[in-house]
There are 2 protein chains.
Amino acid sequence: MTLKELGEFGLIERIKKNIKTDASVVKGSGDDCAVMKFDRDRYLLSSCDMIVQGVDFSSKDKPYFVGRKALAVSLSDIAACGGIPRYAMVSVGLPKNTPLDKIDQIIKGITDLAGEFKVNIVGGDISRSQELVIDVSIIGIVEKKFLVLRKGAKKGDIIFVTGSLGGSIAAKHLRFIPRVAEARNLVKKFKIHSMIDISDGLVQDLGHILKESQVGAVIYEDMIPLDRAARGIEDALYCGEDFELLFTLPRKEAIRLYRDKAFFCKPIGEVFAQDYGLKFIDGQGRVKDLKPKGFRHF
Amino acid sequence: MTLKELGEFGLIERIKKNIKTDASVVKGSGDDCAVMKFDRDRYLLSSCDMIVQGVDFSSKDKPYFVGRKALAVSLSDIAACGGIPRYAMVSVGLPKNTPLDKIDQIIKGITDLAGEFKVNIVGGDISRSQELVIDVSIIGIVEKKFLVLRKGAKKGDIIFVTGSLGGSIAAKHLRFIPRVAEARNLVKKFKIHSMIDISDGLVQDLGHILKESQVGAVIYEDMIPLDRAARGIEDALYCGEDFELLFTLPRKEAIRLYRDKAFFCKPIGEVFAQDYGLKFIDGQGRVKDLKPKGFRHF
């Protein structure tokens with residue numbers, strides 16, 4: 001078997017099989033963040049994200065926004081668990097002919113965003129590489145009562161998203177605002193059952209929630225908030241890197257959320273039993289089965 | 001100015017200038033680990049290290065030991081601060097034609113070492129890249145009373161190293177044992193003033209201790225424990241990646257350590273006032289000024 005045949009998620013499953021953790025790890029790999037014991041009321045969260053030139057950004061993208069994105073994707077992971085990002089470490093692989101001005105811009109993109117979100121950059125590493133690579137690891141904190149994972153979605157839950165979906169490749173993937181404040185407000189005011197950030201596409205990331213929660217779902221074309229930059233519904237379903245929050249909550253809570261004008265969240269569907277699978281109802285009322293599909297590295 | 005003219009350490013200084021941290025950060029970037037408040041008696045430690053094919057290892061090195069090294073260098077950072085490594089995250093950039101067997105071996109190298117040191121692998125990221133890149137970030141814990149930093153060396157301290165130095169490029173850099181147990185024993189039994197792991201070469205890393213502690217030092221050729229693989233004293237002085245501990249402690253403590261047969265540590269010199277600089281006394285008793293020199297990425 002080759003890496004291509006196994007695929008990114010197959011590889012991750014293969015690796016996870018061999019990893020054991022001790023009792024201090026509440027949730028290891030397989031969610032937006034790892035969750036570790038911290039103190040009586042709180043957990044530690046951690047996550048890492050590597051972005052590579054030619055895959056996650058292009059050589060033509062503004063270095064400032066490349067740096068910004070490197071940190072933003074990590075902040076988004078902490079948001080998806082309902083937490084507060086606190087400490088970041090940044091490893092950078094730089095081609096040896098990289099202009100200093102470009103490095104300065106990358107760093108400024110990182111430090112500006114860190115400042116906005118009150119995240120401490122506490123360390124890093126610099127290495128020589130053939131292509132620009134930035135890996136950010138983040139440590140956050142979440143009150144036990146506010147922790148939300150991918151698992152936890154229940155039959156009858158309503159599915160919501162923040163913001164709008166699709167077309168992030170046009171620009172948003174470099175300039176999105178990590179939904180940390182939104183997530184904190186949501187977990188404080190509502191009983192959120194499950195949450196994930198949309199990094200690989202709505203269908204694929206909803207698939208993660210369904211798999212971890214052992215449930216099925218339906219989503220409605222007419223309810224999905226399309227981004228202005230989206231070329232059509234396919235963009236919203238399958239394009240990655242919207243970095244919006246996708247979450248589920250009980251119907252009663254959903255009604256309260258829907259009426260709360262402080263939240264820019266839209267309901268897009270409902271959680272069903274697992275044997276229902278994942279279905280899509282288009283603008284003409286036709287029912288389609290959706291297969292997980294979205295961005296994959298291999 | 002170009003990256004080459006600025007150099008790796010110049011670049012790090014340039015970046016550090018723009019980084020602010022809040023009161024929860026006891027020590028930010030600029031030591032082997034960052035140190036953060038944790039609870040009444042303990043600090044949190046964190047560090048990250050990126051290794052890149054063609055720089056930190058070659059395509060001919062056994063993948064098992066490449067994976068092992070990726071984690072080992074991070075464990076060594078925690079050791080250098082006197083701490084216990086607890087959680088690791090591993091980001092891997094893989095060329096798309098990487099054989100699965102090679103990936104399995106890399107992962108096994110990481111997980112075997114994690115098992116030996118009771119470190120939990122709690123997450124990771126996989127990306128496509130042109131060359132193999134592995135970035136490991138580590139979280140550790142240290143009792144406040146056992147924390148050791150680069151700063152803290154005092155005039156009159158004796159300088160020690162664990163193990164032997166030089167020639168790591170022959171094999172040791174891929175197979176070294178992170179000195180976690182040794183460091184723990186040292187900080188528990190002796191009053192260690194300053195410590196660092198030798199990753200960039202004895203002279204360069206001793207230079208970091210001297211600079212942070214605002215002191216000078218002398219080291220003696222005859223006292224430096226040469227590794228069998230070292231081609232000469234130059235290898236011990238300037239070759240990086242020995243990953244032995246370099247530390248200083250008061251003379252009284254040093255005598256106690258020297259007499260303790262449980263420790264394989266050797267005295268190599270003494271700490272002087274800062275205006276003394278860094279001097280080397282060779283086998284013939286000749287005095288030489290040493291300039292920081294060792295491995296640099298740029």
# chains A, B, ... in the order shown; residues from 1 in each chain; ligands from 1

call {"tool": "interface_residues", "arguments": {"of": "chain B", "to": "chain A", "cutoff": "6 Å", "atoms": "only C-alpha atoms", "output": "PDB file with N, CA and C atoms, in the first residue's frame"}}
result
ATOM      1  N   THR B   2      21.175  40.773   4.524  1.00  0.00           N
ATOM      2  CA  THR B   2      20.569  39.495   4.168  1.00  0.00           C
ATOM      3  C   THR B   2      20.511  38.585   5.394  1.00  0.00           C
ATOM      4  N   LEU B   3      19.749  37.503   5.237  1.00  0.00           N
ATOM      5  CA  LEU B   3      19.621  36.515   6.306  1.00  0.00           C
ATOM      6  C   LEU B   3      20.990  35.959   6.675  1.00  0.00           C
ATOM      7  N   THR B  21       5.341  39.382  26.560  1.00  0.00           N
ATOM      8  CA  THR B  21       4.591  38.326  27.243  1.00  0.00           C
ATOM      9  C   THR B  21       3.996  38.880  28.530  1.00  0.00           C
ATOM     10  N   GLY B  28      10.330  33.648  28.857  1.00  0.00           N
ATOM     11  CA  GLY B  28       9.893  33.422  27.478  1.00  0.00           C
ATOM     12  C   GLY B  28      11.008  32.822  26.648  1.00  0.00           C
ATOM     13  N   SER B  29      11.020  33.100  25.358  1.00  0.00           N
ATOM     14  CA  SER B  29      12.037  32.515  24.496  1.00  0.00           C
ATOM     15  C   SER B  29      13.419  32.992  24.919  1.00  0.00           C
ATOM     16  N   ALA B  34      10.572  27.506  27.557  1.00  0.00           N
ATOM     17  CA  ALA B  34       9.805  28.595  28.146  1.00  0.00           C
ATOM     18  C   ALA B  34       9.257  28.098  29.480  1.00  0.00           C
ATOM     19  N   CYS B  48      10.018  23.750  21.450  1.00  0.00           N
ATOM     20  CA  CYS B  48       9.778  23.079  20.171  1.00  0.00           C
ATOM     21  C   CYS B  48      11.065  23.012  19.371  1.00  0.00           C
ATOM     22  N   ASP B  49      11.210  21.962  18.595  1.00  0.00           N
ATOM     23  CA  ASP B  49      12.395  21.758  17.764  1.00  0.00           C
ATOM     24  C   ASP B  49      11.993  21.175  16.426  1.00  0.00           C
ATOM     25  N   LEU B 100       5.290   4.044   2.815  1.00  0.00           N
ATOM     26  CA  LEU B 100       4.585   3.867   4.091  1.00  0.00           C
ATOM     27  C   LEU B 100       5.476   3.248   5.151  1.00  0.00           C
ATOM     28  N   ASN B 120       3.481  11.400  26.827  1.00  0.00           N
ATOM     29  CA  ASN B 120       2.247  11.185  26.076  1.00  0.00           C
ATOM     30  C   ASN B 120       2.294  11.932  24.745  1.00  0.00           C
ATOM     31  N   VAL B 122       0.184  13.573  22.357  1.00  0.00           N
ATOM     32  CA  VAL B 122      -1.213  13.995  22.480  1.00  0.00           C
ATOM     33  C   VAL B 122      -1.773  14.641  21.215  1.00  0.00           C
ATOM     34  N   GLY B 123      -0.966  14.713  20.182  1.00  0.00           N
ATOM     35  CA  GLY B 123      -1.522  15.299  18.972  1.00  0.00           C
ATOM     36  C   GLY B 123      -0.462  15.474  17.920  1.00  0.00           C
ATOM     37  N   GLY B 124      -0.899  15.973  16.784  1.00  0.00           N
ATOM     38  CA  GLY B 124       0.042  16.172  15.700  1.00  0.00           C
ATOM     39  C   GLY B 124      -0.645  16.722  14.479  1.00  0.00           C
ATOM     40  N   ASP B 125       0.136  16.902  13.446  1.00  0.00           N
ATOM     41  CA  ASP B 125      -0.400  17.385  12.184  1.00  0.00           C
ATOM     42  C   ASP B 125       0.433  16.756  11.077  1.00  0.00           C
ATOM     43  N   ARG B 128       1.780  17.882   3.469  1.00  0.00           N
ATOM     44  CA  ARG B 128       2.604  17.502   2.339  1.00  0.00           C
ATOM     45  C   ARG B 128       3.728  18.521   2.219  1.00  0.00           C
ATOM     46  N   HIS B 297      22.336  27.683  11.361  1.00  0.00           N
ATOM     47  CA  HIS B 297      21.538  27.377  10.172  1.00  0.00           C
ATOM     48  C   HIS B 297      21.787  28.359   9.045  1.00  0.00           C
TER      49      HIS B 297
END

call {"tool": "select_by_dssp", "arguments": {"residues": "region 64-288 of chain B", "states": "strand (DSSP E or B)", "output": "PyMOL selection string"}}
result
chain B and resi 84-94+120-128+133-143+158-162+165+194-197+215-220+226+245-249+265-273+278-281+287-288

call {"tool": "residues_around", "arguments": {"residues": "Asp227 (chain A)", "least_positions_apart": "3", "cutoff": "9 Å", "atoms": "only C-alpha atoms", "output": "mmCIF file with all heavy atoms, in the first residue's frame"}}
result
data_model
loop_
_atom_site.group_PDB
_atom_site.id
_atom_site.type_symbol
_atom_site.label_atom_id
_atom_site.label_comp_id
_atom_site.auth_asym_id
_atom_site.auth_seq_id
_atom_site.Cartn_x
_atom_site.Cartn_y
_atom_site.Cartn_z
ATOM 1 N N GLY A 163 -20.731 32.606 10.865
ATOM 2 C CA GLY A 163 -20.299 33.256 9.623
ATOM 3 C C GLY A 163 -20.869 32.656 8.363
ATOM 4 O O GLY A 163 -21.998 32.157 8.349
ATOM 5 N N SER A 164 -20.101 32.702 7.271
ATOM 6 C CA SER A 164 -20.548 32.183 5.986
ATOM 7 C C SER A 164 -19.499 31.244 5.417
ATOM 8 O O SER A 164 -18.329 31.315 5.788
ATOM 9 C CB SER A 164 -20.812 33.343 5.025
ATOM 10 O OG SER A 164 -19.639 34.115 4.875
ATOM 11 N N LEU A 165 -19.936 30.366 4.520
ATOM 12 C CA LEU A 165 -19.066 29.287 4.050
ATOM 13 C C LEU A 165 -18.790 29.358 2.548
ATOM 14 O O LEU A 165 -19.616 29.810 1.770
ATOM 15 C CB LEU A 165 -19.704 27.930 4.361
ATOM 16 C CG LEU A 165 -20.076 27.628 5.809
ATOM 17 C CD1 LEU A 165 -20.608 26.200 5.924
ATOM 18 C CD2 LEU A 165 -18.884 27.826 6.724
ATOM 19 N N GLY A 166 -17.608 28.844 2.169
ATOM 20 C CA GLY A 166 -17.278 28.704 0.757
ATOM 21 C C GLY A 166 -16.424 29.828 0.241
ATOM 22 O O GLY A 166 -16.525 30.969 0.678
ATOM 23 N N GLY A 167 -15.556 29.492 -0.689
ATOM 24 C CA GLY A 167 -14.774 30.526 -1.360
ATOM 25 C C GLY A 167 -13.640 31.082 -0.537
ATOM 26 O O GLY A 167 -13.104 32.147 -0.840
ATOM 27 N N SER A 168 -13.242 30.339 0.513
ATOM 28 C CA SER A 168 -12.167 30.870 1.354
ATOM 29 C C SER A 168 -10.860 30.972 0.580
ATOM 30 O O SER A 168 -9.994 31.781 0.899
ATOM 31 C CB SER A 168 -11.961 29.983 2.577
ATOM 32 O OG SER A 168 -11.202 28.847 2.250
ATOM 33 N N ALA A 230 -18.067 32.589 -2.577
ATOM 34 C CA ALA A 230 -18.340 31.200 -2.986
ATOM 35 C C ALA A 230 -18.899 31.177 -4.401
ATOM 36 O O ALA A 230 -19.741 32.002 -4.757
ATOM 37 C CB ALA A 230 -19.307 30.554 -2.006
ATOM 38 N N ARG A 231 -18.448 30.210 -5.205
ATOM 39 C CA ARG A 231 -18.933 30.107 -6.577
ATOM 40 C C ARG A 231 -20.232 29.315 -6.642
ATOM 41 O O ARG A 231 -20.912 29.298 -7.656
ATOM 42 C CB ARG A 231 -17.873 29.449 -7.459
ATOM 43 C CG ARG A 231 -16.621 30.293 -7.629
ATOM 44 C CD ARG A 231 -15.438 29.453 -8.017
ATOM 45 N NE ARG A 231 -15.122 28.456 -6.993
ATOM 46 C CZ ARG A 231 -14.079 27.630 -7.045
ATOM 47 N NH1 ARG A 231 -13.259 27.671 -8.090
ATOM 48 N NH2 ARG A 231 -13.863 26.756 -6.081
ATOM 49 N N ALA A 236 -19.173 25.670 -0.563
ATOM 50 C CA ALA A 236 -19.514 25.680 0.867
ATOM 51 C C ALA A 236 -19.421 24.283 1.459
ATOM 52 O O ALA A 236 -19.047 24.116 2.618
ATOM 53 C CB ALA A 236 -20.916 26.244 1.065
#

call {"tool": "residues_around", "arguments": {"residues": "region 196-207 of chain B", "least_positions_apart": "5", "cutoff": "9 Å", "atoms": "only C-alpha atoms", "output": "PyMOL selection string"}}
result
chain B and resi 31-32+73+76-77+79-81+148-150+165-166+179+212+216-217+235-247+278+290-296

call {"tool": "closest_residue", "arguments": {"among": "A:Gly285, A:Gly156, A:Gly83, A:Gly67", "to": "Leu186 (chain A)", "atoms": "only C-alpha atoms"}}
result
A:Gly83

call {"tool": "residues_around", "arguments": {"residues": "region 187-192 of chain A", "least_positions_apart": "6", "cutoff": "7 Å", "atoms": "only C-alpha atoms", "output": "ChimeraX atom specification"}}
result
/A:82,146,148,248-249,253

call {"tool": "residues_around", "arguments": {"residues": "Val66 (chain A)", "least_positions_apart": "4", "cutoff": "7 Å", "atoms": "only C-alpha atoms", "output": "ChimeraX atom specification"}}
result
/A:57,61-62,70,106,174

call {"tool": "residues_around", "arguments": {"residues": "Gly152 (chain A)", "least_positions_apart": "5", "cutoff": "7 Å", "atoms": "only C-alpha atoms", "output": "list in words"}}
result
His193, Ser194 and Ser213 of chain A

call {"tool": "write_last_selection", "arguments": {"atoms": "N, CA, C and O atoms", "output": "PDB file, in the first residue's frame"}}
result
ATOM      1  N   HIS A 193     -23.343  20.837  22.526  1.00  0.00           N
ATOM      2  CA  HIS A 193     -23.078  19.398  22.631  1.00  0.00           C
ATOM      3  C   HIS A 193     -21.797  18.956  21.930  1.00  0.00           C
ATOM      4  O   HIS A 193     -21.093  18.056  22.390  1.00  0.00           O
ATOM      5  N   SER A 194     -21.525  19.558  20.775  1.00  0.00           N
ATOM      6  CA  SER A 194     -20.331  19.168  20.004  1.00  0.00           C
ATOM      7  C   SER A 194     -19.900  20.349  19.151  1.00  0.00           C
ATOM      8  O   SER A 194     -20.722  21.202  18.794  1.00  0.00           O
ATOM      9  N   SER A 213     -19.512  11.113  17.374  1.00  0.00           N
ATOM     10  CA  SER A 213     -20.727  11.110  18.201  1.00  0.00           C
ATOM     11  C   SER A 213     -21.622   9.918  17.888  1.00  0.00           C
ATOM     12  O   SER A 213     -22.652   9.735  18.544  1.00  0.00           O
TER      13      SER A 213
END

call {"tool": "atom_distance", "arguments": {"atom1": "CA of Gln274 (chain B)", "atom2": "CA of Ile158 (chain B)"}}
result
15.0 Å

call {"tool": "select_by_dssp", "arguments": {"residues": "region 21-248 of chain A", "states": "alpha helix (DSSP H)", "output": "PyMOL selection string"}}
result
chain A and resi 63-80+100-116+172-175+180-189+202-213+233-238

call {"tool": "closest_residue", "arguments": {"among": "B:Glu234, B:Asp41, B:Asp289, B:Asp157", "to": "Ile268 (chain B)", "atoms": "only C-alpha atoms"}}
result
B:Asp157
